[in-house]
$ cat query_26.cif   # mmCIF, C-alpha atoms
data_upload
loop_
_atom_site.label_atom_id
_atom_site.label_comp_id
_atom_site.auth_asym_id
_atom_site.auth_seq_id
_atom_site.Cartn_x
_atom_site.Cartn_y
_atom_site.Cartn_z
CA MET W 1 12.22 87.41 -82.22
CA LYS W 2 14.51 89.35 -79.91
CA GLN W 3 13.40 90.49 -76.47
CA ILE W 4 11.33 93.66 -76.64
CA ASP W 5 12.98 96.78 -75.33
CA PRO W 6 11.13 99.81 -76.76
CA GLU W 7 13.39 102.30 -75.02
CA THR W 8 16.29 101.35 -77.28
CA HIS W 9 14.44 102.76 -80.29
CA SER W 10 13.77 106.24 -81.54
CA VAL W 11 10.06 105.37 -81.57
CA THR W 12 8.35 104.19 -78.38
CA PRO W 13 4.80 103.28 -77.39
CA ALA W 14 4.71 106.61 -75.53
CA ASP W 15 5.40 108.36 -78.85
CA VAL W 16 2.40 106.58 -80.36
CA ASP W 17 0.22 107.61 -77.42
CA SER W 18 1.42 111.18 -77.81
CA ALA W 19 0.69 111.10 -81.54
CA ALA W 20 -2.83 109.82 -80.89
CA LYS W 21 -3.49 112.72 -78.52
CA ALA W 22 -2.06 115.23 -81.00
CA LEU W 23 -4.10 113.85 -83.91
CA ARG W 24 -7.40 113.74 -82.03
CA PRO W 25 -8.51 117.29 -83.00
CA TYR W 26 -7.78 116.59 -86.67
CA LEU W 27 -8.74 112.96 -87.37
CA SER W 28 -11.47 110.64 -86.12
CA PRO W 29 -10.70 106.97 -85.40
CA THR W 30 -11.43 104.75 -88.39
CA PRO W 31 -13.92 101.86 -88.16
CA LEU W 32 -13.02 98.29 -87.27
CA GLN W 33 -15.69 96.25 -89.03
CA VAL W 34 -16.52 92.57 -88.64
CA SER W 35 -16.76 90.85 -92.03
CA ARG W 36 -19.18 87.93 -92.06
CA ALA W 37 -18.36 87.21 -95.69
CA PHE W 38 -14.60 87.01 -95.23
CA THR W 39 -15.02 85.21 -91.91
CA ASP W 40 -16.82 82.44 -93.80
CA LYS W 41 -14.33 82.48 -96.66
CA ALA W 42 -11.14 82.47 -94.53
CA ARG W 43 -12.59 80.25 -91.76
CA CYS W 44 -11.46 82.60 -89.01
CA HIS W 45 -12.89 85.71 -87.40
CA VAL W 46 -12.05 88.58 -89.77
CA TYR W 47 -12.05 92.26 -88.84
CA LEU W 48 -11.38 95.01 -91.39
CA LYS W 49 -9.62 98.21 -90.30
CA ILE W 50 -10.90 100.69 -92.86
CA GLU W 51 -8.36 103.45 -93.52
CA SER W 52 -9.99 104.35 -96.82
CA ILE W 53 -12.34 106.78 -95.06
CA GLN W 54 -9.47 109.07 -94.04
CA PRO W 55 -9.58 112.57 -95.61
CA ILE W 56 -7.06 111.43 -98.25
CA ARG W 57 -8.54 107.91 -98.39
CA ALA W 58 -5.36 106.37 -96.97
CA PHE W 59 -3.58 105.96 -93.62
CA LYS W 60 -0.66 108.18 -94.65
CA VAL W 61 -2.37 111.30 -93.35
CA ARG W 62 -1.70 110.11 -89.78
CA GLY W 63 2.08 110.25 -90.03
CA ALA W 64 2.20 113.40 -92.14
CA LEU W 65 -0.05 115.31 -89.74
CA ASN W 66 1.88 114.13 -86.71
CA LYS W 67 5.12 115.32 -88.31
CA LEU W 68 3.79 118.81 -89.03
CA ILE W 69 2.07 119.12 -85.66
CA ARG W 70 5.45 118.63 -83.99
CA MET W 71 7.22 121.28 -86.06
CA PRO W 72 7.63 124.79 -84.60
CA GLU W 73 5.46 127.33 -86.39
CA ALA W 74 8.45 129.05 -87.99
CA GLN W 75 9.70 125.74 -89.36
CA ARG W 76 6.31 124.95 -90.89
CA ALA W 77 6.16 128.43 -92.42
CA ALA W 78 9.40 127.69 -94.28
CA GLY W 79 7.60 124.84 -96.02
CA VAL W 80 7.84 121.09 -96.36
CA ILE W 81 9.14 118.92 -99.16
CA THR W 82 8.81 115.22 -99.77
CA ALA W 83 8.98 112.39 -102.28
CA SER W 84 6.09 110.03 -102.80
CA ALA W 85 4.51 107.53 -105.13
CA GLY W 86 1.18 109.10 -104.20
CA ASN W 87 -0.52 108.56 -100.85
CA HIS W 88 2.23 110.02 -98.67
CA GLY W 89 2.34 113.05 -100.94
CA MET W 90 -1.39 113.46 -100.45
CA GLY W 91 -0.90 113.18 -96.70
CA VAL W 92 1.79 115.84 -96.66
CA ALA W 93 -0.26 118.11 -98.93
CA TYR W 94 -3.28 117.72 -96.65
CA ALA W 95 -1.27 118.36 -93.49
CA ALA W 96 0.40 121.40 -95.05
CA GLY W 97 -3.02 122.73 -95.96
CA VAL W 98 -4.20 122.39 -92.36
CA PHE W 99 -1.33 124.62 -91.22
CA LYS W 100 -1.24 126.82 -94.34
CA ALA W 101 2.34 125.78 -95.04
CA PRO W 102 3.82 125.58 -98.54
CA ALA W 103 4.43 122.02 -99.73
CA THR W 104 6.32 120.48 -102.64
CA VAL W 105 5.94 116.83 -103.58
CA TYR W 106 8.40 115.06 -105.87
CA VAL W 107 6.79 112.13 -107.67
CA PRO W 108 8.25 109.52 -110.04
CA GLU W 109 7.75 110.09 -113.74
CA SER W 110 5.56 106.97 -113.73
CA ALA W 111 3.41 108.18 -110.83
CA ASN W 112 -0.29 107.39 -110.75
CA PRO W 113 -1.94 110.41 -112.43
CA PHE W 114 -5.03 110.00 -110.23
CA LYS W 115 -2.90 110.55 -107.14
CA VAL W 116 -0.85 113.35 -108.72
CA GLU W 117 -4.05 115.27 -109.46
CA ALA W 118 -5.22 114.69 -105.89
CA ILE W 119 -1.95 116.10 -104.50
CA GLN W 120 -2.38 119.20 -106.65
CA ARG W 121 -6.02 119.63 -105.60
CA LEU W 122 -4.83 119.62 -101.99
CA GLY W 123 -2.65 122.64 -102.78
CA ALA W 124 0.87 121.22 -103.07
CA ARG W 125 3.32 121.87 -105.89
CA VAL W 126 4.16 118.66 -107.76
CA VAL W 127 7.51 118.02 -109.43
CA SER W 128 7.94 114.96 -111.62
CA ALA W 129 11.47 113.56 -111.28
CA GLY W 130 13.14 110.17 -111.42
CA ARG W 131 12.05 106.85 -112.90
CA ASN W 132 10.85 105.48 -109.55
CA TYR W 133 10.33 106.47 -105.92
CA SER W 134 14.05 106.21 -105.18
CA GLY W 135 14.86 108.64 -107.99
CA ALA W 136 12.18 111.08 -106.89
CA ASN W 137 13.46 110.86 -103.32
CA THR W 138 17.02 111.68 -104.44
CA GLU W 139 15.79 114.73 -106.35
CA ALA W 140 13.66 115.90 -103.45
CA LEU W 141 16.57 115.66 -101.00
CA SER W 142 18.76 117.64 -103.38
CA ALA W 143 16.12 120.36 -103.72
CA GLN W 144 15.54 120.45 -99.97
CA ARG W 145 19.17 121.34 -99.25
CA ASP W 146 18.78 124.59 -101.18
CA SER W 147 15.22 125.46 -100.15
CA GLY W 148 15.14 125.81 -96.38
CA ALA W 149 12.07 123.55 -96.32
CA THR W 150 11.83 120.53 -94.03
CA PHE W 151 12.03 117.12 -95.65
CA VAL W 152 9.25 114.74 -94.58
CA HIS W 153 10.32 111.17 -95.28
CA ALA W 154 7.59 108.79 -96.40
CA TYR W 155 8.45 106.17 -93.78
CA ASP W 156 11.88 106.43 -92.16
CA ASP W 157 11.00 109.19 -89.69
CA PRO W 158 10.11 108.68 -86.01
CA ASP W 159 7.21 111.15 -86.04
CA VAL W 160 5.77 109.60 -89.19
CA VAL W 161 6.10 106.07 -87.78
CA ALA W 162 4.49 107.12 -84.48
CA GLY W 163 1.59 108.65 -86.39
CA GLN W 164 1.01 105.45 -88.36
CA GLY W 165 1.21 103.49 -85.12
CA THR W 166 -1.94 105.16 -83.83
CA ILE W 167 -3.82 102.53 -85.83
CA ALA W 168 -2.61 99.93 -83.32
CA ARG W 169 -3.86 102.03 -80.41
CA GLU W 170 -7.31 102.18 -82.01
CA LEU W 171 -7.29 98.42 -82.60
CA LEU W 172 -6.65 97.71 -78.92
CA ALA W 173 -9.37 100.16 -77.90
CA ASP W 174 -11.92 98.47 -80.16
CA LEU W 175 -10.86 94.80 -79.87
CA ASP W 176 -8.55 93.90 -77.04
CA ASP W 177 -8.37 90.15 -77.63
CA PHE W 178 -7.42 89.66 -81.29
CA ASP W 179 -4.68 87.23 -82.28
CA THR W 180 -3.14 88.48 -85.53
CA VAL W 181 -2.87 91.59 -87.64
CA LEU W 182 -2.00 91.58 -91.34
CA VAL W 183 -0.23 94.77 -92.44
CA PRO W 184 0.91 95.87 -95.93
CA ILE W 185 4.56 96.90 -96.23
CA GLY W 186 6.00 99.54 -98.55
CA GLY W 187 8.92 101.20 -96.80
CA GLY W 188 7.82 99.85 -93.44
CA GLY W 189 6.50 102.89 -91.57
CA LEU W 190 3.02 101.46 -91.08
CA ILE W 191 4.12 98.06 -89.82
CA GLY W 192 6.87 99.66 -87.77
CA GLY W 193 4.45 101.83 -85.82
CA ILE W 194 1.82 99.11 -85.47
CA SER W 195 4.27 96.39 -84.44
CA ILE W 196 6.17 98.31 -81.75
CA TYR W 197 2.91 99.36 -80.10
CA LEU W 198 1.18 95.99 -80.22
CA LYS W 199 4.23 93.97 -79.15
CA SER W 200 4.83 96.34 -76.25
CA MET W 201 1.22 96.26 -75.07
CA LYS W 202 0.31 92.65 -75.93
CA PRO W 203 3.37 90.63 -77.00
CA GLY W 204 1.26 87.60 -77.90
CA ILE W 205 -0.37 89.33 -80.87
CA LYS W 206 1.15 88.12 -84.12
CA VAL W 207 2.18 90.85 -86.57
CA VAL W 208 2.38 89.65 -90.17
CA GLY W 209 3.65 91.87 -92.97
CA VAL W 210 2.56 91.63 -96.61
CA GLU W 211 4.55 92.63 -99.69
CA PRO W 212 4.10 92.20 -103.45
CA THR W 213 6.45 89.69 -105.04
CA GLY W 214 7.80 92.48 -107.25
CA ALA W 215 8.58 94.79 -104.31
CA ASP W 216 9.80 92.47 -101.58
CA GLY W 217 12.58 94.62 -100.12
CA MET W 218 11.61 94.09 -96.49
CA HIS W 219 11.22 90.32 -96.93
CA ARG W 220 14.67 90.04 -98.51
CA SER W 221 16.18 92.34 -95.90
CA LEU W 222 14.83 90.29 -93.01
CA GLN W 223 16.11 87.11 -94.62
CA ALA W 224 19.56 88.63 -95.14
CA GLY W 225 19.73 90.26 -91.70
CA THR W 226 20.67 93.58 -93.30
CA ILE W 227 18.97 96.15 -95.54
CA VAL W 228 18.61 94.96 -99.12
CA THR W 229 17.85 97.55 -101.78
CA LEU W 230 16.11 96.18 -104.85
CA GLU W 231 17.58 97.07 -108.23
CA ARG W 232 14.14 96.87 -109.82
CA VAL W 233 10.64 97.26 -108.42
CA SER W 234 7.66 96.00 -110.41
CA THR W 235 4.18 96.01 -108.93
CA ILE W 236 0.69 97.29 -109.59
CA ALA W 237 0.64 98.40 -105.95
CA ASP W 238 2.31 101.82 -106.24
CA GLY W 239 1.71 102.35 -102.53
CA LEU W 240 4.05 99.44 -101.78
CA ALA W 241 6.67 100.18 -104.43
CA ALA W 242 9.61 101.03 -102.16
CA SER W 243 12.96 99.56 -103.16
CA GLY W 244 13.72 98.65 -99.56
CA PRO W 245 13.12 99.57 -95.92
CA GLY W 246 14.77 102.45 -94.10
CA LYS W 247 17.16 102.03 -91.19
CA LEU W 248 14.49 102.76 -88.59
CA THR W 249 11.76 100.68 -90.18
CA PHE W 250 14.06 97.72 -90.81
CA GLU W 251 15.13 97.67 -87.18
CA LEU W 252 11.53 97.80 -86.00
CA ALA W 253 10.51 95.01 -88.35
CA ARG W 254 13.53 92.89 -87.40
CA ARG W 255 12.57 93.05 -83.76
CA TYR W 256 8.78 93.04 -83.81
CA VAL W 257 7.41 91.50 -87.02
CA ASP W 258 6.71 87.77 -86.89
CA GLU W 259 6.74 87.01 -90.62
CA VAL W 260 6.29 88.55 -94.06
CA ILE W 261 4.01 87.04 -96.71
CA LEU W 262 4.40 87.73 -100.43
CA VAL W 263 1.37 88.20 -102.69
CA GLU W 264 0.99 88.16 -106.47
CA GLU W 265 -0.51 90.91 -108.62
CA ALA W 266 -3.51 88.76 -109.56
CA GLU W 267 -4.20 88.01 -105.91
CA MET W 268 -4.39 91.70 -105.03
CA LEU W 269 -6.73 92.31 -107.97
CA ARG W 270 -9.02 89.46 -106.90
CA ALA W 271 -9.01 90.80 -103.34
CA ILE W 272 -10.08 94.23 -104.65
CA ARG W 273 -12.99 92.61 -106.50
CA LEU W 274 -14.14 90.51 -103.56
CA LEU W 275 -13.91 93.45 -101.17
CA PHE W 276 -16.05 95.52 -103.52
CA GLU W 277 -18.59 92.76 -104.23
CA TRP W 278 -18.93 91.41 -100.69
CA GLU W 279 -18.41 94.49 -98.52
CA HIS W 280 -18.96 97.35 -101.00
CA LEU W 281 -15.60 98.82 -100.00
CA LEU W 282 -12.95 100.22 -102.31
CA ALA W 283 -9.27 99.34 -102.02
CA GLU W 284 -6.29 100.13 -104.17
CA PRO W 285 -3.83 97.25 -104.71
CA ALA W 286 -1.74 98.28 -101.68
CA GLY W 287 -4.92 98.51 -99.61
CA ALA W 288 -5.99 95.01 -100.66
CA ALA W 289 -2.60 93.34 -100.17
CA ALA W 290 -3.27 92.22 -96.59
CA LEU W 291 -6.65 90.79 -97.59
CA ALA W 292 -4.98 88.93 -100.47
CA ALA W 293 -2.54 87.41 -98.00
CA LEU W 294 -5.40 86.21 -95.81
CA LEU W 295 -7.34 84.74 -98.72
CA TYR W 296 -4.51 82.99 -100.53
CA HIS W 297 -1.58 82.41 -98.17
CA TYR W 298 -2.19 82.83 -94.47
CA ARG W 299 -3.44 79.72 -92.66
CA PRO W 300 -5.35 80.69 -89.51
CA VAL W 301 -6.04 78.29 -86.68
CA PRO W 302 -9.66 77.60 -85.64
CA ASN W 303 -11.34 80.62 -83.98
CA GLU W 304 -8.36 82.88 -84.66
CA LYS W 305 -9.24 86.57 -84.65
CA VAL W 306 -7.48 88.29 -87.56
CA VAL W 307 -7.40 92.02 -88.24
CA VAL W 308 -6.79 93.04 -91.85
CA ILE W 309 -5.47 96.56 -92.47
CA LEU W 310 -7.18 98.07 -95.52
CA SER W 311 -4.61 100.80 -95.87
CA GLY W 312 -6.06 102.87 -98.71
CA GLY W 313 -8.80 103.17 -101.30
CA ASN W 314 -7.27 105.39 -104.00
CA VAL W 315 -7.93 102.96 -106.84
CA THR W 316 -7.95 104.10 -110.45
CA ASP W 317 -10.72 103.17 -112.86
CA GLU W 318 -8.18 101.21 -114.94
CA VAL W 319 -7.15 99.04 -112.00
CA MET W 320 -10.75 98.65 -110.85
CA LEU W 321 -11.77 97.39 -114.28
CA LYS W 322 -8.92 94.85 -114.21
CA ALA W 323 -10.01 93.75 -110.76
CA LEU W 324 -13.65 93.32 -111.73
CA LYS W 325 -12.66 91.05 -114.61
CA THR W 326 -10.80 88.61 -112.36
CA ARG W 327 -12.33 85.26 -111.44
#
$ encode --input "query_26.cif" --output "structure tokens"
Amino acid sequence: MKQIDPETHSVTPADVDSAAKALRPYLSPTPLQVSRAFTDKARCHVYLKIESIQPIRAFKVRGALNKLIRMPEAQRAAGVITASAGNHGMGVAYAAGVFKAPATVYVPESANPFKVEAIQRLGARVVSAGRNYSGANTEALSAQRDSGATFVHAYDDPDVVAGQGTIARELLADLDDFDTVLVPIGGGGLIGGISIYLKSMKPGIKVVGVEPTGADGMHRSLQAGTIVTLERVSTIADGLAASGPGKLTFELARRYVDEVILVEEAEMLRAIRLLFEWEHLLAEPAGAAALAALLYHYRPVPNEKVVVILSGGNVTDEVMLKALKTR
């Protein structure tokens, strides 16, 4: 890992602190819960950071709200536009509702209907376009150029990354001596914000990313030393279905992330079941990815304190049924 120099980046720990202050009137800190069951199972001290109690049941509301908070009122009034596989779109729709700003969310044609309906309930206009997130993103950018609305990127935006990084600030406030944090990776905004803050405050904390085997763009990019864009993405975890990292998030991961673990579809489904049965908590596949990594791949040392980011709980009944049938 290269020497840490936060000032060389367009996101700094000060930006995360500023985001935390800005978000305070709108969002409460999420719980950090000790899990006796997973502590026994994983043979290390396990703490669950539960983002599924956010207003949209996922962490994405942090970055979206921080982005809109920092817009001038006239800019917000002109509207926002984004592309999303689901949770980010819900975050943008929620944030736009807070400020009574018009919002349009472009979603892939294969988007999770559960999340599409949630975006619409939150008041945003939904446009189905493109076979995957990349296609929807291209269509959204094209529409934005003619609309006058502000584009809110799902992950490659400094304000969005800083908002997601407020999770790290809460972790240090609640548990100042943990050893490792396991973080799911889609486009890299969450791990980017968490890693720059933790490594700047406590460089000894290990930051471990988690990706599905069918959407391992960050893993391949870090191995290659340059951004790799996947030709095909195939995963049940729609929240992690990015074809590759952005420029900002790749640079943050390259400097601050210690390793990336890959998990299988069946492992995420089993993690969903165990989380539900043992802790009575819901997680979508993306939300259970970090737990799957802990259960099936990560090898902790004795007495290691490991934080698992449960990034979202927007699980469909179809996926939940699949998860409950796993053994």
$ closest_atom_pairs --input "query_26.cif" --of "segment 31-142 of chain W" --to "segment 164-174 of chain W" --cutoff "12 Å" --atoms "all atoms listed in the file" --output "Markdown table"
| residue | atom | partner | partner_atom | distance |
| --- | --- | --- | --- | --- |
| W:Pro31 | CA | W:Asp174 | CA | 8.9 |
| W:Leu32 | CA | W:Asp174 | CA | 7.2 |
| W:Gln33 | CA | W:Asp174 | CA | 9.9 |
| W:Val34 | CA | W:Asp174 | CA | 11.3 |
| W:Tyr47 | CA | W:Leu171 | CA | 10.0 |
| W:Leu48 | CA | W:Leu171 | CA | 10.3 |
| W:Lys49 | CA | W:Leu171 | CA | 8.0 |
| W:Ile50 | CA | W:Ile167 | CA | 10.1 |
| W:Glu51 | CA | W:Ile167 | CA | 9.0 |
| W:Gln54 | CA | W:Ile167 | CA | 11.9 |
| W:Ala58 | CA | W:Gln164 | CA | 10.7 |
| W:Phe59 | CA | W:Gln164 | CA | 7.0 |
| W:Lys60 | CA | W:Gln164 | CA | 7.1 |
| W:Val61 | CA | W:Gln164 | CA | 8.4 |
| W:Arg62 | CA | W:Gln164 | CA | 5.6 |
| W:Gly63 | CA | W:Gln164 | CA | 5.2 |
| W:Ala64 | CA | W:Gln164 | CA | 8.9 |
| W:Leu65 | CA | W:Gln164 | CA | 10.0 |
| W:Asn66 | CA | W:Gln164 | CA | 8.9 |
| W:Lys67 | CA | W:Gln164 | CA | 10.7 |
| W:His88 | CA | W:Gln164 | CA | 11.3 |
| W:Gly91 | CA | W:Gln164 | CA | 11.5 |
$ write_last_selection --input "query_26.cif" --atoms "C-alpha atoms" --output "CSV table (one decimal), in the frame of the given file"
chain,number,residue,atom,x,y,z
W,31,PRO,CA,-13.9,101.9,-88.2
W,32,LEU,CA,-13.0,98.3,-87.3
W,33,GLN,CA,-15.7,96.2,-89.0
W,34,VAL,CA,-16.5,92.6,-88.6
W,47,TYR,CA,-12.0,92.3,-88.8
W,48,LEU,CA,-11.4,95.0,-91.4
W,49,LYS,CA,-9.6,98.2,-90.3
W,50,ILE,CA,-10.9,100.7,-92.9
W,51,GLU,CA,-8.4,103.4,-93.5
W,54,GLN,CA,-9.5,109.1,-94.0
W,58,ALA,CA,-5.4,106.4,-97.0
W,59,PHE,CA,-3.6,106.0,-93.6
W,60,LYS,CA,-0.7,108.2,-94.6
W,61,VAL,CA,-2.4,111.3,-93.4
W,62,ARG,CA,-1.7,110.1,-89.8
W,63,GLY,CA,2.1,110.2,-90.0
W,64,ALA,CA,2.2,113.4,-92.1
W,65,LEU,CA,0.0,115.3,-89.7
W,66,ASN,CA,1.9,114.1,-86.7
W,67,LYS,CA,5.1,115.3,-88.3
W,88,HIS,CA,2.2,110.0,-98.7
W,91,GLY,CA,-0.9,113.2,-96.7
$ closest_atom_pairs --input "query_26.cif" --of "segment 144-195 of chain W" --to "segment 255-277 of chain W" --cutoff "12 Å" --atoms "only C-alpha atoms" --output "tab-separated table"
residue	atom	partner	partner_atom	distance
W:Thr180	CA	W:Asp258	CA	10.0
W:Val181	CA	W:Val257	CA	10.3
W:Leu182	CA	W:Val260	CA	9.2
W:Val183	CA	W:Val260	CA	9.2
W:Pro184	CA	W:Val260	CA	9.3
W:Ile185	CA	W:Val260	CA	8.8
W:Gly186	CA	W:Val260	CA	11.9
W:Gly188	CA	W:Val257	CA	10.5
W:Leu190	CA	W:Val257	CA	11.6
W:Ile191	CA	W:Val257	CA	7.9
W:Gly192	CA	W:Tyr256	CA	7.9
W:Gly193	CA	W:Tyr256	CA	10.0
W:Ile194	CA	W:Tyr256	CA	9.4
W:Ser195	CA	W:Tyr256	CA	5.7
$ write_last_selection --input "query_26.cif" --atoms "C-alpha atoms" --output "PDB file, keeping the file's coordinate frame"
ATOM      1  CA  THR W 180      -3.140  88.480 -85.530  1.00  0.00           C
ATOM      2  CA  VAL W 181      -2.870  91.590 -87.640  1.00  0.00           C
ATOM      3  CA  LEU W 182      -2.000  91.580 -91.340  1.00  0.00           C
ATOM      4  CA  VAL W 183      -0.230  94.770 -92.440  1.00  0.00           C
ATOM      5  CA  PRO W 184       0.910  95.870 -95.930  1.00  0.00           C
ATOM      6  CA  ILE W 185       4.560  96.900 -96.230  1.00  0.00           C
ATOM      7  CA  GLY W 186       6.000  99.540 -98.550  1.00  0.00           C
ATOM      8  CA  GLY W 188       7.820  99.850 -93.440  1.00  0.00           C
ATOM      9  CA  LEU W 190       3.020 101.460 -91.080  1.00  0.00           C
ATOM     10  CA  ILE W 191       4.120  98.060 -89.820  1.00  0.00           C
ATOM     11  CA  GLY W 192       6.870  99.660 -87.770  1.00  0.00           C
ATOM     12  CA  GLY W 193       4.450 101.830 -85.820  1.00  0.00           C
ATOM     13  CA  ILE W 194       1.820  99.110 -85.470  1.00  0.00           C
ATOM     14  CA  SER W 195       4.270  96.390 -84.440  1.00  0.00           C
TER      15      SER W 195
END
$ closest_residue --input "query_26.cif" --among "W:Glu231, W:Asp238, W:Glu284, W:Asp179" --to "Pro300 of chain W" --atoms "all atoms listed in the file"
W:Asp179
$ atom_distance --input "query_26.cif" --atom1 "atom CA of Leu222 of chain W" --atom2 "atom CA of Ser200 of chain W"
20.4 Å
$ closest_residue --input "query_26.cif" --among "W:Leu175, W:Leu252, W:Val319, W:Ala77" --to "His45 of chain W" --atoms "all atoms listed in the file"
W:Leu175
$ atom_distance --input "query_26.cif" --atom1 "atom CA of Thr316 of chain W" --atom2 "atom CA of Gly189 of chain W"
23.8 Å
$ residues_around --input "query_26.cif" --residues "Thr138 of chain W" --least-positions-apart "5" --cutoff "10 Å" --atoms "only C-alpha atoms" --output "mmCIF file with C-alpha atoms, in the coordinates of the input"
data_model
loop_
_atom_site.group_PDB
_atom_site.id
_atom_site.type_symbol
_atom_site.label_atom_id
_atom_site.label_comp_id
_atom_site.auth_asym_id
_atom_site.auth_seq_id
_atom_site.Cartn_x
_atom_site.Cartn_y
_atom_site.Cartn_z
ATOM 1 C CA ALA W 83 8.980 112.390 -102.280
ATOM 2 C CA TYR W 106 8.400 115.060 -105.870
ATOM 3 C CA ALA W 129 11.470 113.560 -111.280
ATOM 4 C CA GLY W 130 13.140 110.170 -111.420
ATOM 5 C CA TYR W 133 10.330 106.470 -105.920
ATOM 6 C CA ALA W 143 16.120 120.360 -103.720
ATOM 7 C CA GLN W 144 15.540 120.450 -99.970
#
$ atom_distance --input "query_26.cif" --atom1 "atom CA of Ala42 of chain W" --atom2 "atom CA of Gly287 of chain W"
17.9 Å
$ resolve_selection --input "query_26.cif" --expression "the PyMOL selection byres ((chain W and resi 243) around 8)" --output "mmCIF file with C-alpha atoms, keeping the file's coordinate frame"
data_model
loop_
_atom_site.group_PDB
_atom_site.id
_atom_site.type_symbol
_atom_site.label_atom_id
_atom_site.label_comp_id
_atom_site.auth_asym_id
_atom_site.auth_seq_id
_atom_site.Cartn_x
_atom_site.Cartn_y
_atom_site.Cartn_z
ATOM 1 C CA TYR W 133 10.330 106.470 -105.920
ATOM 2 C CA SER W 134 14.050 106.210 -105.180
ATOM 3 C CA GLY W 187 8.920 101.200 -96.800
ATOM 4 C CA ALA W 215 8.580 94.790 -104.310
ATOM 5 C CA ASP W 216 9.800 92.470 -101.580
ATOM 6 C CA GLY W 217 12.580 94.620 -100.120
ATOM 7 C CA THR W 229 17.850 97.550 -101.780
ATOM 8 C CA LEU W 230 16.110 96.180 -104.850
ATOM 9 C CA GLU W 231 17.580 97.070 -108.230
ATOM 10 C CA ARG W 232 14.140 96.870 -109.820
ATOM 11 C CA VAL W 233 10.640 97.260 -108.420
ATOM 12 C CA ALA W 241 6.670 100.180 -104.430
ATOM 13 C CA ALA W 242 9.610 101.030 -102.160
ATOM 14 C CA GLY W 244 13.720 98.650 -99.560
ATOM 15 C CA PRO W 245 13.120 99.570 -95.920
#
$ closest_residue --input "query_26.cif" --among "W:Leu122, W:Met90, W:Val116, W:Val160" --to "Asp15 of chain W" --atoms "all atoms listed in the file"
W:Val160
$ residues_near_point --input "query_26.cif" --point "(3.4, 108.3, -116.0)" --cutoff "12 Å" --atoms "only C-alpha atoms" --output "ChimeraX atom specification"
/W:85,107-116,128-132,238
$ resolve_selection --input "query_26.cif" --expression "the PyMOL selection byres ((chain W and resi 101) around 6)" --output "list in words"
Arg76, Ala77, Gly79, Ala96, Phe99, Lys100 and Pro102 of chain W
$ residues_around --input "query_26.cif" --residues "Val46 of chain W" --least-positions-apart "4" --cutoff "8 Å" --atoms "only C-alpha atoms" --output "number ranges by chain"
W: 34-36, 38-39, 42, 305-308
$ write_last_selection --input "query_26.cif" --atoms "C-alpha atoms" --output "compact mmCIF listing (two decimals), in the coordinates of the input"
# COMPACT_ATOMS: atom_id res chain seq x y z
CA VAL W 34 -16.52 92.57 -88.64
CA SER W 35 -16.76 90.85 -92.03
CA ARG W 36 -19.18 87.93 -92.06
CA PHE W 38 -14.60 87.01 -95.23
CA THR W 39 -15.02 85.21 -91.91
CA ALA W 42 -11.14 82.47 -94.53
CA LYS W 305 -9.24 86.57 -84.65
CA VAL W 306 -7.48 88.29 -87.56
CA VAL W 307 -7.40 92.02 -88.24
CA VAL W 308 -6.79 93.04 -91.85
$ closest_residue --input "query_26.cif" --among "W:Ser142, W:Ala288, W:Ile69, W:Arg57" --to "Pro25 of chain W" --atoms "only C-alpha atoms"
W:Ile69
$ closest_residue --input "query_26.cif" --among "W:Val105, W:Val16, W:Ile227, W:Ile53" --to "Thr30 of chain W" --atoms "only C-alpha atoms"
W:Ile53
